[in-house]
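Below is one structure, written out as structure tokens, with a few remarks after it.
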Amino acid sequence: ASLGFRHGQASTVKVSTPNGDVDFGKNHPLVIVAGPCSVENEEMIVETAKRVKAAGAKFLRGGAYKPRTSPYSFQGHGESALEMLDAARSATGLGIITEVMDTADLEAVAEVADVLQVGARNMQNFALLKKVGAQDKPVLLKRGISATVKDWLMAAEYVLSEGNPNVILCERGIRTFDRQYTRNTLDLSVIPVLRTLTHLPIMIDPSHGTGKSEFVPPMAKASVAAGTDALMIEVHPNPAKALSDGPQSMTPNQFDALAAELLPQRVPA
Ligand code: PEP
Ligand code: MN
């Protein structure tokens, strides 16, 4: 009775944004989601939003609630960051993708987000999955750090089985034995593999996947070559000063050049 384990007819996840509907899926143009790891202040998020919009991104990403490995690291500005995202949404018309970490914050996050992100560390938070499955905003489900493809698709099933059909799967790198030169191992083989298993749209996040901004362009291009439906790329106006994930964040100028190379490449099938 599984809903996600069905391939052949790729499904479309349609997301409404102030700038109009954006379709995710195999039969639609590449969608780029870009923005900083964390929403740091209103000025930086609005500035970044304007830059990524000009480059061709359709969504702004940015964390208000951050799942940090250490409790002593910056945890995100929470509710006030949601207001900053709302300001960036009004200023640009971009859709907003932001993470919901806790069922307690779901209502507040869903008020601002056009797509709710469930992070890698919460991929098997079944209470959260059921809650996002029982509301009507689309869900971006990141692959868990040590999740098999089956674990990931079964996690998606928790959302689908509650009645929400709008799930996008995001590969963001998995933990392997080698972390010396890359933060994670970006598993691009999931693109063809998922096509044989599921109709759900696929997104690749080469920023968390590699951990280094210089490795993002080649892996973004490889993802497009392998047939990804969407990309998530971290962009910060001043990566050296970022409160989180600076080393993997591109500058707006670097992102501009990459987006120009990527966007003309993929036309609807
Ligand atoms: C993020 O997108 O900033 C993030 C924390 O991602 P992940 O859950 O993949 O680590
Ligand atoms: Mn990040």
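Naming scheme: A, B, ... for chains in displayed order of the structure tokens; residues 1 onward per chain; ligands 1 onward as shown.
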Quick one: everything within 12 Å of A:Asn125, counting only C-alpha atoms, minus sequence neighbours fewer than 6 positions away in the same chain. Send it as an mmCIF file with N, CA and C atoms, in the first residue's frame.
data_model
loop_
_atom_site.group_PDB
_atom_site.id
_atom_site.type_symbol
_atom_site.label_atom_id
_atom_site.label_comp_id
_atom_site.auth_asym_id
_atom_site.auth_seq_id
_atom_site.Cartn_x
_atom_site.Cartn_y
_atom_site.Cartn_z
ATOM 1 N N VAL A 100 11.759 23.097 9.811
ATOM 2 C CA VAL A 100 11.002 22.959 11.051
ATOM 3 C C VAL A 100 11.646 21.811 11.820
ATOM 4 N N MET A 101 12.125 22.106 13.044
ATOM 5 C CA MET A 101 12.846 21.096 13.819
ATOM 6 C C MET A 101 11.963 20.388 14.819
ATOM 7 N N ASP A 102 10.879 21.062 15.203
ATOM 8 C CA ASP A 102 10.104 20.600 16.345
ATOM 9 C C ASP A 102 8.614 20.752 16.032
ATOM 10 N N THR A 103 7.825 19.773 16.424
ATOM 11 C CA THR A 103 6.378 19.856 16.176
ATOM 12 C C THR A 103 5.790 21.121 16.821
ATOM 13 N N VAL A 118 12.415 19.309 6.377
ATOM 14 C CA VAL A 118 12.740 18.413 7.489
ATOM 15 C C VAL A 118 14.200 18.039 7.292
ATOM 16 N N GLY A 119 15.020 18.343 8.276
ATOM 17 C CA GLY A 119 16.462 18.194 8.137
ATOM 18 C C GLY A 119 16.929 16.757 8.276
ATOM 19 N N LYS A 131 3.205 14.913 11.656
ATOM 20 C CA LYS A 131 2.613 16.263 11.748
ATOM 21 C C LYS A 131 2.725 17.013 10.420
ATOM 22 N N VAL A 132 3.883 16.937 9.760
ATOM 23 C CA VAL A 132 3.993 17.649 8.473
ATOM 24 C C VAL A 132 3.170 16.935 7.399
ATOM 25 N N LEU A 141 12.189 16.702 2.238
ATOM 26 C CA LEU A 141 12.711 15.716 3.189
ATOM 27 C C LEU A 141 14.161 15.401 2.868
ATOM 28 N N LYS A 142 15.053 15.870 3.742
ATOM 29 C CA LYS A 142 16.470 15.605 3.524
ATOM 30 C C LYS A 142 16.821 14.191 3.952
ATOM 31 N N GLY A 144 18.717 11.347 5.745
ATOM 32 C CA GLY A 144 19.460 11.238 6.996
ATOM 33 C C GLY A 144 20.929 10.952 6.746
ATOM 34 N N ASP A 151 15.367 3.499 3.981
ATOM 35 C CA ASP A 151 14.992 4.258 5.192
ATOM 36 C C ASP A 151 14.355 5.588 4.803
ATOM 37 N N TRP A 152 14.984 6.224 3.815
ATOM 38 C CA TRP A 152 14.565 7.563 3.362
ATOM 39 C C TRP A 152 13.171 7.504 2.738
ATOM 40 N N MET A 154 10.952 5.245 3.242
ATOM 41 C CA MET A 154 9.964 4.904 4.269
ATOM 42 C C MET A 154 9.648 6.127 5.127
ATOM 43 N N ALA A 155 10.640 6.989 5.339
ATOM 44 C CA ALA A 155 10.380 8.243 6.064
ATOM 45 C C ALA A 155 9.403 9.102 5.258
ATOM 46 N N ALA A 156 9.624 9.161 3.934
ATOM 47 C CA ALA A 156 8.696 9.909 3.073
ATOM 48 C C ALA A 156 7.288 9.330 3.187
ATOM 49 N N TYR A 158 5.855 8.171 5.747
ATOM 50 C CA TYR A 158 5.160 8.702 6.928
ATOM 51 C C TYR A 158 4.411 9.988 6.598
ATOM 52 N N VAL A 159 5.011 10.808 5.723
ATOM 53 C CA VAL A 159 4.362 12.062 5.329
ATOM 54 C C VAL A 159 3.204 11.761 4.370
#
task = Select the residues contacting ligand 1 at a distance of at most 6 Å, based on only C-alpha atoms and all ligand atoms, then format the selection as a PyMOL selection string.
result = chain A and resi 37+67+119-121+142+172
What does the file look like for those residues with N, CA and C atoms, as a short mmCIF file (atom, residue, chain, number, x, y, z; two decimals), in the first residue's frame?
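Written out: selection_32.cif:
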data_model
loop_
_atom_site.label_atom_id
_atom_site.label_comp_id
_atom_site.auth_asym_id
_atom_site.auth_seq_id
_atom_site.Cartn_x
_atom_site.Cartn_y
_atom_site.Cartn_z
N CYS A 37 22.91 29.54 5.14
CA CYS A 37 22.60 28.45 6.07
C CYS A 37 21.61 28.98 7.10
N PRO A 67 19.71 22.92 13.42
CA PRO A 67 20.08 21.68 14.09
C PRO A 67 21.61 21.55 14.19
N GLY A 119 15.02 18.34 8.28
CA GLY A 119 16.46 18.19 8.14
C GLY A 119 16.93 16.76 8.28
N ALA A 120 18.18 16.56 7.86
CA ALA A 120 18.78 15.23 7.87
C ALA A 120 18.68 14.58 9.26
N ARG A 121 18.92 15.37 10.28
CA ARG A 121 18.92 14.81 11.64
C ARG A 121 17.54 14.45 12.15
N LYS A 142 15.05 15.87 3.74
CA LYS A 142 16.47 15.61 3.52
C LYS A 142 16.82 14.19 3.95
N ARG A 172 21.78 15.14 0.55
CA ARG A 172 22.67 16.17 1.07
C ARG A 172 24.00 15.58 1.57
#
query = DSSP says alpha helix (DSSP H) for which residues of stretch 94-263 of chain A? Put them as JSON, numbers by chain?
reply = {"A": [106, 107, 108, 109, 110, 111, 112, 126, 127, 128, 129, 130, 131, 132, 133, 149, 150, 151, 152, 153, 154, 155, 156, 157, 158, 159, 160, 190, 191, 192, 193, 194, 195, 196, 197, 206, 207, 208, 209, 210, 216, 217, 218, 219, 220, 221, 222, 223, 224, 225, 226, 252, 253, 254, 255, 256, 257, 258, 259, 260, 261, 262]}
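Residues lying within 10 Å of A:Gly20, counting only C-alpha atoms and ignoring same-chain neighbours fewer than 2 positions away, are Val15, Ser16, Thr17, Pro18, Val22, Asp23, Lys58, Gly93, Leu94 and Gly95 of chain A.
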Spatial neighbours of stretch 178-185 of chain A, 9 Å, only C-alpha atoms, chain gap at least 5 places, as a PyMOL selection string = chain A and resi 145+172-173+208-212+215
Mind dumping a table of every chain A residue within 8 Å of ligand 2, with the nearest atom pair and its distance in Å to one decimal, using only C-alpha atoms and all ligand atoms, sorted by chain and rising number, as a Markdown table?
| residue | atom | partner | partner_atom_place_in_ligand_line | distance |
| --- | --- | --- | --- | --- |
| A:Pro36 | CA | ligand 2 | 1 (Mn) | 7.3 |
| A:Cys37 | CA | ligand 2 | 1 (Mn) | 4.0 |
| A:Ser38 | CA | ligand 2 | 1 (Mn) | 7.0 |
| A:Gly63 | CA | ligand 2 | 1 (Mn) | 7.8 |
| A:Ser207 | CA | ligand 2 | 1 (Mn) | 7.7 |
| A:His208 | CA | ligand 2 | 1 (Mn) | 6.3 |
| A:Glu234 | CA | ligand 2 | 1 (Mn) | 7.0 |
| A:Ser244 | CA | ligand 2 | 1 (Mn) | 6.5 |
| A:Asp245 | CA | ligand 2 | 1 (Mn) | 5.2 |
Using C-alpha atoms, can you write the selected residues to a file as a tab-separated table (two decimals), in the first residue's frame?
chain	number	residue	atom	x	y	z
A	36	PRO	CA	22.37	31.31	3.60
A	37	CYS	CA	22.60	28.45	6.07
A	38	SER	CA	21.17	30.67	8.81
A	63	GLY	CA	17.39	28.52	8.75
A	207	SER	CA	26.77	22.49	-0.28
A	208	HIS	CA	26.22	20.17	2.68
A	234	GLU	CA	24.10	27.87	0.23
A	244	SER	CA	27.13	28.73	10.26
A	245	ASP	CA	28.47	26.82	7.25
